[in-house]
>>> print(open('query_21.tsv').read())   # TSV, N, CA and C atoms
chain	number	residue	atom	x	y	z
A	1	MET	N	104.50	101.61	74.02
A	1	MET	CA	104.28	100.55	74.98
A	1	MET	C	103.34	101.07	76.06
A	2	THR	N	102.29	100.33	76.32
A	2	THR	CA	101.33	100.69	77.35
A	2	THR	C	101.79	100.13	78.69
A	3	VAL	N	101.76	100.96	79.69
A	3	VAL	CA	102.21	100.55	81.02
A	3	VAL	C	101.02	100.53	81.94
A	4	ASN	N	100.79	99.39	82.57
A	4	ASN	CA	99.78	99.30	83.63
A	4	ASN	C	100.42	99.93	84.85
A	5	SER	N	99.84	101.00	85.37
A	5	SER	CA	100.48	101.72	86.46
A	5	SER	C	100.15	101.15	87.84
A	6	ASP	N	99.40	100.07	87.90
A	6	ASP	CA	99.13	99.45	89.19
A	6	ASP	C	100.39	98.75	89.70
A	7	PRO	N	100.58	98.72	91.02
A	7	PRO	CA	101.76	98.06	91.54
A	7	PRO	C	101.76	96.57	91.22
A	8	VAL	N	102.77	96.14	90.54
A	8	VAL	CA	102.89	94.73	90.15
A	8	VAL	C	103.61	93.96	91.25
A	9	PHE	N	104.61	94.57	91.79
A	9	PHE	CA	105.48	93.90	92.76
A	9	PHE	C	105.12	94.26	94.19
A	10	GLY	N	104.20	95.16	94.38
A	10	GLY	CA	103.83	95.60	95.72
A	10	GLY	C	104.70	96.75	96.18
A	11	ARG	N	104.12	97.73	96.79
A	11	ARG	CA	104.87	98.89	97.27
A	11	ARG	C	105.73	98.48	98.44
A	12	HIS	N	107.00	98.75	98.34
A	12	HIS	CA	107.95	98.41	99.39
A	12	HIS	C	108.35	99.70	100.08
A	13	GLU	N	107.99	99.81	101.34
A	13	GLU	CA	108.26	101.04	102.06
A	13	GLU	C	109.75	101.27	102.29
A	14	ALA	N	110.46	100.24	102.63
A	14	ALA	CA	111.90	100.39	102.87
A	14	ALA	C	112.59	99.07	102.60
A	15	GLY	N	113.79	99.18	102.09
A	15	GLY	CA	114.58	97.98	101.87
A	15	GLY	C	114.20	97.24	100.61
A	16	LEU	N	114.77	96.05	100.49
A	16	LEU	CA	114.56	95.21	99.33
A	16	LEU	C	113.44	94.22	99.59
A	17	PRO	N	112.72	93.81	98.54
A	17	PRO	CA	111.69	92.78	98.74
A	17	PRO	C	112.33	91.48	99.21
A	18	ALA	N	111.60	90.74	100.01
A	18	ALA	CA	112.12	89.50	100.58
A	18	ALA	C	112.30	88.42	99.51
A	19	SER	N	111.51	88.46	98.47
A	19	SER	CA	111.51	87.42	97.46
A	19	SER	C	112.56	87.68	96.36
A	20	GLN	N	113.43	86.71	96.14
A	20	GLN	CA	114.42	86.80	95.07
A	20	GLN	C	113.71	86.83	93.71
A	21	ASP	N	112.58	86.13	93.61
A	21	ASP	CA	111.81	86.10	92.38
A	21	ASP	C	111.33	87.50	92.00
A	22	VAL	N	110.87	88.26	93.00
A	22	VAL	CA	110.41	89.63	92.75
A	22	VAL	C	111.58	90.49	92.26
A	23	LEU	N	112.73	90.35	92.89
A	23	LEU	CA	113.91	91.12	92.46
A	23	LEU	C	114.30	90.79	91.03
A	24	GLU	N	114.30	89.52	90.68
A	24	GLU	CA	114.66	89.11	89.33
A	24	GLU	C	113.67	89.65	88.31
A	25	ARG	N	112.38	89.62	88.64
A	25	ARG	CA	111.37	90.16	87.72
A	25	ARG	C	111.54	91.67	87.55
A	26	MET	N	111.88	92.35	88.62
A	26	MET	CA	112.09	93.80	88.53
A	26	MET	C	113.32	94.12	87.69
A	27	LEU	N	114.36	93.32	87.82
A	27	LEU	CA	115.58	93.54	87.03
A	27	LEU	C	115.34	93.29	85.55
A	28	GLN	N	114.32	92.53	85.23
A	28	GLN	CA	114.00	92.24	83.83
A	28	GLN	C	112.88	93.13	83.30
A	29	ASP	N	112.31	93.97	84.13
A	29	ASP	CA	111.22	94.85	83.72
A	29	ASP	C	111.81	96.06	82.98
A	30	PRO	N	111.48	96.24	81.70
A	30	PRO	CA	112.09	97.33	80.94
A	30	PRO	C	111.76	98.72	81.47
A	31	VAL	N	110.59	98.90	82.07
A	31	VAL	CA	110.23	100.21	82.62
A	31	VAL	C	111.09	100.53	83.83
A	32	VAL	N	111.26	99.56	84.72
A	32	VAL	CA	112.08	99.76	85.92
A	32	VAL	C	113.53	100.05	85.52
A	33	VAL	N	114.05	99.28	84.59
A	33	VAL	CA	115.42	99.46	84.13
A	33	VAL	C	115.59	100.83	83.48
A	34	LYS	N	114.62	101.24	82.67
A	34	LYS	CA	114.68	102.53	81.98
A	34	LYS	C	114.72	103.69	82.98
A	35	VAL	N	113.83	103.68	83.95
A	35	VAL	CA	113.77	104.79	84.91
A	35	VAL	C	115.01	104.79	85.81
A	36	ALA	N	115.44	103.62	86.27
A	36	ALA	CA	116.64	103.55	87.12
A	36	ALA	C	117.87	104.06	86.36
A	37	ALA	N	118.00	103.66	85.10
A	37	ALA	CA	119.13	104.10	84.29
A	37	ALA	C	119.06	105.61	84.03
A	38	THR	N	117.86	106.12	83.81
A	38	THR	CA	117.69	107.55	83.56
A	38	THR	C	118.09	108.36	84.78
A	39	MET	N	117.67	107.90	85.95
A	39	MET	CA	117.98	108.64	87.18
A	39	MET	C	119.45	108.51	87.56
A	40	ASN	N	120.01	107.33	87.39
A	40	ASN	CA	121.43	107.09	87.63
A	40	ASN	C	121.94	107.71	88.94
A	41	GLY	N	121.14	107.60	89.99
A	41	GLY	CA	121.54	108.07	91.31
A	41	GLY	C	121.24	109.53	91.58
A	42	ALA	N	120.74	110.28	90.61
A	42	ALA	CA	120.44	111.70	90.80
A	42	ALA	C	118.99	111.90	91.22
A	43	SER	N	118.71	113.03	91.81
A	43	SER	CA	117.32	113.42	92.08
A	43	SER	C	116.82	114.21	90.88
A	44	LEU	N	115.70	113.77	90.34
A	44	LEU	CA	115.14	114.44	89.17
A	44	LEU	C	113.68	114.78	89.41
A	45	SER	N	113.24	115.90	88.86
A	45	SER	CA	111.84	116.28	88.96
A	45	SER	C	111.03	115.49	87.94
A	46	THR	N	109.72	115.54	88.11
A	46	THR	CA	108.83	114.89	87.15
A	46	THR	C	109.08	115.42	85.75
A	47	LEU	N	109.24	116.73	85.63
A	47	LEU	CA	109.49	117.32	84.31
A	47	LEU	C	110.80	116.82	83.71
A	48	GLU	N	111.84	116.70	84.54
A	48	GLU	CA	113.11	116.20	84.03
A	48	GLU	C	112.99	114.76	83.57
A	49	LEU	N	112.27	113.94	84.32
A	49	LEU	CA	112.06	112.55	83.90
A	49	LEU	C	111.32	112.49	82.57
A	50	LEU	N	110.32	113.36	82.42
A	50	LEU	CA	109.58	113.41	81.16
A	50	LEU	C	110.49	113.85	80.01
A	51	GLU	N	111.36	114.81	80.28
A	51	GLU	CA	112.30	115.27	79.25
A	51	GLU	C	113.25	114.16	78.81
A	52	PHE	N	113.59	113.26	79.73
A	52	PHE	CA	114.48	112.15	79.41
A	52	PHE	C	113.75	110.97	78.79
A	53	GLY	N	112.45	111.12	78.53
A	53	GLY	CA	111.72	110.10	77.79
A	53	GLY	C	110.83	109.18	78.61
A	54	ALA	N	110.77	109.37	79.93
A	54	ALA	CA	109.85	108.57	80.74
A	54	ALA	C	108.44	109.13	80.58
A	55	THR	N	107.45	108.29	80.67
A	55	THR	CA	106.06	108.75	80.61
A	55	THR	C	105.52	108.89	82.03
A	56	LYS	N	104.38	109.58	82.16
A	56	LYS	CA	103.75	109.72	83.48
A	56	LYS	C	103.41	108.35	84.05
A	57	GLN	N	102.96	107.45	83.18
A	57	GLN	CA	102.60	106.10	83.63
A	57	GLN	C	103.84	105.34	84.14
A	58	GLU	N	104.97	105.50	83.47
A	58	GLU	CA	106.20	104.83	83.90
A	58	GLU	C	106.68	105.38	85.24
A	59	ILE	N	106.58	106.69	85.42
A	59	ILE	CA	106.98	107.30	86.69
A	59	ILE	C	106.09	106.79	87.81
A	60	ARG	N	104.80	106.78	87.58
A	60	ARG	CA	103.85	106.29	88.59
A	60	ARG	C	104.11	104.82	88.89
A	61	TYR	N	104.32	104.02	87.87
A	61	TYR	CA	104.59	102.59	88.01
A	61	TYR	C	105.82	102.36	88.90
A	62	CYS	N	106.88	103.09	88.64
A	62	CYS	CA	108.10	102.93	89.45
A	62	CYS	C	107.89	103.43	90.88
A	63	TYR	N	107.11	104.49	91.04
A	63	TYR	CA	106.81	104.99	92.38
A	63	TYR	C	105.99	103.96	93.16
A	64	LEU	N	104.95	103.44	92.54
A	64	LEU	CA	104.09	102.47	93.22
A	64	LEU	C	104.80	101.16	93.53
A	65	ASN	N	105.82	100.82	92.76
A	65	ASN	CA	106.56	99.59	92.99
A	65	ASN	C	107.82	99.79	93.83
A	66	GLY	N	107.98	100.98	94.40
A	66	GLY	CA	109.05	101.22	95.36
A	66	GLY	C	110.42	101.41	94.76
A	67	VAL	N	110.51	101.75	93.48
A	67	VAL	CA	111.81	101.97	92.84
A	67	VAL	C	112.27	103.40	93.03
A	68	ILE	N	111.31	104.34	93.03
A	68	ILE	CA	111.62	105.75	93.28
A	68	ILE	C	110.70	106.27	94.38
A	69	GLU	N	111.13	107.37	94.99
A	69	GLU	CA	110.34	108.01	96.03
A	69	GLU	C	110.57	109.52	95.94
A	70	PHE	N	109.70	110.27	96.60
A	70	PHE	CA	109.93	111.70	96.67
A	70	PHE	C	111.18	111.95	97.49
A	71	ASP	N	111.99	112.88	97.04
A	71	ASP	CA	113.24	113.21	97.72
A	71	ASP	C	112.94	114.14	98.89
A	72	PRO	N	113.08	113.65	100.13
A	72	PRO	CA	112.76	114.51	101.28
A	72	PRO	C	113.72	115.69	101.43
A	73	GLN	N	114.96	115.56	100.95
A	73	GLN	CA	115.90	116.67	101.04
A	73	GLN	C	115.47	117.82	100.14
A	74	ALA	N	114.85	117.48	99.01
A	74	ALA	CA	114.37	118.53	98.11
A	74	ALA	C	113.18	119.27	98.71
A	75	LEU	N	112.52	118.64	99.69
A	75	LEU	CA	111.37	119.27	100.34
A	75	LEU	C	111.77	119.96	101.64
A	76	ALA	N	113.02	119.84	102.03
A	76	ALA	CA	113.47	120.35	103.33
A	76	ALA	C	113.30	121.86	103.45
A	77	SER	N	113.52	122.58	102.36
A	77	SER	CA	113.37	124.03	102.45
A	77	SER	C	111.88	124.37	102.38
A	78	THR	N	111.36	124.85	103.48
A	78	THR	CA	109.93	125.17	103.56
A	78	THR	C	109.68	126.53	102.91
A	79	PRO	N	108.83	126.53	101.90
A	79	PRO	CA	108.53	127.82	101.26
A	79	PRO	C	107.67	128.70	102.17
A	80	SER	N	107.65	129.96	101.85
A	80	SER	CA	106.83	130.90	102.62
A	80	SER	C	105.36	130.55	102.47
A	81	PRO	N	104.52	131.00	103.40
A	81	PRO	CA	103.07	130.73	103.28
A	81	PRO	C	102.48	131.22	101.96
A	82	GLU	N	102.99	132.34	101.46
A	82	GLU	CA	102.51	132.86	100.17
A	82	GLU	C	102.88	131.90	99.04
A	83	ALA	N	104.09	131.36	99.10
A	83	ALA	CA	104.54	130.43	98.06
A	83	ALA	C	103.74	129.14	98.11
A	84	VAL	N	103.43	128.66	99.33
A	84	VAL	CA	102.62	127.45	99.46
A	84	VAL	C	101.23	127.68	98.88
A	85	GLU	N	100.66	128.83	99.18
A	85	GLU	CA	99.33	129.15	98.65
A	85	GLU	C	99.36	129.18	97.12
A	86	GLN	N	100.40	129.75	96.55
A	86	GLN	CA	100.53	129.80	95.09
A	86	GLN	C	100.69	128.39	94.52
A	87	LEU	N	101.48	127.53	95.20
A	87	LEU	CA	101.67	126.15	94.73
A	87	LEU	C	100.36	125.37	94.76
A	88	VAL	N	99.60	125.56	95.81
A	88	VAL	CA	98.33	124.85	95.92
A	88	VAL	C	97.39	125.31	94.81
A	89	LYS	N	97.41	126.59	94.49
A	89	LYS	CA	96.58	127.09	93.40
A	89	LYS	C	97.03	126.52	92.06
A	90	ASN	N	98.32	126.30	91.93
A	90	ASN	CA	98.86	125.80	90.67
A	90	ASN	C	99.32	124.35	90.88
A	91	TYR	N	98.38	123.45	90.91
A	91	TYR	CA	98.60	122.02	91.17
A	91	TYR	C	99.65	121.44	90.23
A	92	TYR	N	99.59	121.82	88.97
A	92	TYR	CA	100.54	121.29	87.97
A	92	TYR	C	101.97	121.58	88.37
A	93	ASP	N	102.27	122.83	88.72
A	93	ASP	CA	103.63	123.20	89.10
A	93	ASP	C	104.07	122.47	90.35
A	94	PHE	N	103.17	122.31	91.29
A	94	PHE	CA	103.51	121.63	92.55
A	94	PHE	C	104.01	120.22	92.29
A	95	TRP	N	103.27	119.44	91.50
A	95	TRP	CA	103.65	118.05	91.26
A	95	TRP	C	104.73	117.89	90.22
A	96	SER	N	104.77	118.75	89.24
A	96	SER	CA	105.77	118.60	88.18
A	96	SER	C	107.16	118.97	88.65
A	97	ASN	N	107.27	119.79	89.68
A	97	ASN	CA	108.58	120.20	90.17
A	97	ASN	C	109.06	119.41	91.38
A	98	ARG	N	108.25	118.48	91.88
A	98	ARG	CA	108.70	117.63	92.99
A	98	ARG	C	109.85	116.76	92.51
A	99	LYS	N	110.82	116.56	93.36
A	99	LYS	CA	111.98	115.75	93.00
A	99	LYS	C	111.78	114.30	93.45
A	100	PHE	N	112.22	113.38	92.62
A	100	PHE	CA	112.24	111.97	92.95
A	100	PHE	C	113.69	111.54	93.11
A	101	ARG	N	113.89	110.49	93.88
A	101	ARG	CA	115.20	109.85	93.98
A	101	ARG	C	114.98	108.34	93.98
A	102	LEU	N	116.04	107.59	93.69
A	102	LEU	CA	115.96	106.14	93.74
A	102	LEU	C	115.89	105.70	95.20
A	103	THR	N	115.06	104.71	95.46
A	103	THR	CA	115.00	104.10	96.79
A	103	THR	C	116.17	103.13	96.93
A	104	GLU	N	116.26	102.48	98.07
A	104	GLU	CA	117.29	101.45	98.25
A	104	GLU	C	117.13	100.37	97.17
A	105	LEU	N	115.90	100.03	96.88
A	105	LEU	CA	115.62	99.06	95.83
A	105	LEU	C	116.08	99.57	94.46
A	106	GLY	N	115.78	100.82	94.15
A	106	GLY	CA	116.20	101.42	92.89
A	106	GLY	C	117.71	101.48	92.76
A	107	LEU	N	118.40	101.81	93.85
A	107	LEU	CA	119.87	101.83	93.83
A	107	LEU	C	120.43	100.43	93.63
A	108	TYR	N	119.80	99.43	94.23
A	108	TYR	CA	120.23	98.04	94.06
A	108	TYR	C	120.07	97.62	92.59
A	109	ILE	N	118.94	97.99	92.00
A	109	ILE	CA	118.70	97.66	90.58
A	109	ILE	C	119.76	98.33	89.71
A	110	LEU	N	120.05	99.60	89.99
A	110	LEU	CA	121.07	100.32	89.23
A	110	LEU	C	122.43	99.66	89.38
A	111	GLU	N	122.77	99.25	90.60
A	111	GLU	CA	124.04	98.57	90.84
A	111	GLU	C	124.11	97.25	90.07
A	112	CYS	N	123.03	96.49	90.10
A	112	CYS	CA	122.99	95.22	89.36
A	112	CYS	C	123.12	95.45	87.86
A	113	MET	N	122.49	96.50	87.37
A	113	MET	CA	122.60	96.81	85.94
A	113	MET	C	124.06	97.10	85.58
A	114	GLY	N	124.76	97.81	86.45
A	114	GLY	CA	126.17	98.11	86.21
A	114	GLY	C	127.02	96.87	86.25
A	115	GLN	N	126.77	96.01	87.24
A	115	GLN	CA	127.54	94.77	87.36
A	115	GLN	C	127.27	93.85	86.18
A	116	CYS	N	126.01	93.72	85.81
A	116	CYS	CA	125.65	92.84	84.70
A	116	CYS	C	126.20	93.39	83.39
A	117	GLY	N	126.20	94.73	83.25
A	117	GLY	CA	126.74	95.33	82.04
A	117	GLY	C	128.23	95.10	81.92
A	118	ALA	N	128.95	95.23	83.03
A	118	ALA	CA	130.39	95.00	83.01
A	118	ALA	C	130.68	93.53	82.72
A	119	GLU	N	129.90	92.66	83.33
A	119	GLU	CA	130.08	91.23	83.12
A	119	GLU	C	129.79	90.86	81.67
A	120	THR	N	128.76	91.47	81.10
A	120	THR	CA	128.40	91.20	79.71
A	120	THR	C	129.50	91.66	78.78
A	121	ARG	N	130.08	92.83	79.07
A	121	ARG	CA	131.15	93.33	78.21
A	121	ARG	C	132.37	92.42	78.28
A	122	ARG	N	132.64	91.86	79.45
A	122	ARG	CA	133.80	90.97	79.60
A	122	ARG	C	133.59	89.64	78.88
A	123	SER	N	132.42	89.07	79.01
A	123	SER	CA	132.20	87.73	78.47
A	123	SER	C	131.62	87.74	77.06
A	124	SER	N	131.08	88.88	76.63
A	124	SER	CA	130.43	89.02	75.32
A	124	SER	C	129.20	88.14	75.15
A	125	THR	N	128.80	87.46	76.20
A	125	THR	CA	127.55	86.70	76.16
A	125	THR	C	126.78	87.00	77.42
A	126	ARG	N	125.51	87.09	77.29
A	126	ARG	CA	124.67	87.43	78.43
A	126	ARG	C	123.96	86.17	78.88
A	127	THR	N	124.23	85.75	80.11
A	127	THR	CA	123.62	84.52	80.61
A	127	THR	C	122.42	84.82	81.47
A	128	SER	N	122.50	85.84	82.30
A	128	SER	CA	121.39	86.15	83.21
A	128	SER	C	121.50	87.59	83.63
A	129	ILE	N	120.34	88.22	83.82
A	129	ILE	CA	120.35	89.61	84.27
A	129	ILE	C	120.41	89.69	85.79
A	130	GLY	N	120.06	88.66	86.48
A	130	GLY	CA	120.07	88.68	87.94
A	130	GLY	C	121.47	88.81	88.50
A	131	CYS	N	121.59	89.54	89.62
A	131	CYS	CA	122.89	89.74	90.25
A	131	CYS	C	122.94	89.06	91.59
>>> encode(input="query_21.tsv", output="structure tokens")
Amino acid sequence: MTVNSDPVFGRHEAGLPASQDVLERMLQDPVVVKVAATMNGASLSTLELLEFGATKQEIRYCYLNGVIEFDPQALASTPSPEAVEQLVKNYYDFWSNRKFRLTELGLYILECMGQCGAETRRSSTRTSIGC
């Protein structure tokens, strides 16, 4: 599946999008659902996301659409100047080891997926993915 990595829903800096339509479309987007389910509330590096089957395009797509963000707690420990210099020299390691976490929007999507999944199991019929 080819993923257009441009922001479809618009980058949301904080909180949930104002439009219910945008939320419903995001809940039905297989890339958003895949990445949110893979992360399941944990902070994962780019390499870990790739190991779990996400592509670079899917990671970028979710980042640009405000579903995931860089984990500031993972960046809290400031490396030594020598380590920073080495990271800058090795661009691949710098970006591949950065940790991502779900944003408020990503956590909401994950919560809705859980609620909808439980509801689907109870009723055995799926009426709507929106929560």
>>> atom_distance(input="query_21.tsv", atom1="atom CA of Gly53 of chain A", atom2="atom CA of Gln20 of chain A")
29.1 Å
>>> atom_distance(input="query_21.tsv", atom1="atom N of Glu24 of chain A", atom2="atom C of Glu104 of chain A")
13.0 Å
>>> residues_around(input="query_21.tsv", residues="Arg98 of chain A", least_positions_apart="2", cutoff="7 Å", atoms="all atoms listed in the file", output="PyMOL selection string")
chain A and resi 44-47+70-71+93-96+100
>>> closest_residue(input="query_21.tsv", among="A:Arg101, A:Arg25, A:Pro72, A:Gly66", to="Glu48 of chain A", atoms="only C-alpha atoms")
A:Arg101
>>> atom_distance(input="query_21.tsv", atom1="atom N of Lys99 of chain A", atom2="atom CA of Glu111 of chain A")
22.5 Å
>>> axis_aligned_box(input="query_21.tsv", around="segment 36-50 of chain A", padding_each_side="5 Å", output="JSON")
{"center_x": 115.4, "center_y": 110.4, "center_z": 86.0, "size_x": 23.1, "size_y": 23.8, "size_z": 22.1}
>>> closest_residue(input="query_21.tsv", among="A:Pro81, A:Val67, A:Tyr61, A:Leu102", to="Leu27 of chain A", atoms="only C-alpha atoms")
A:Val67
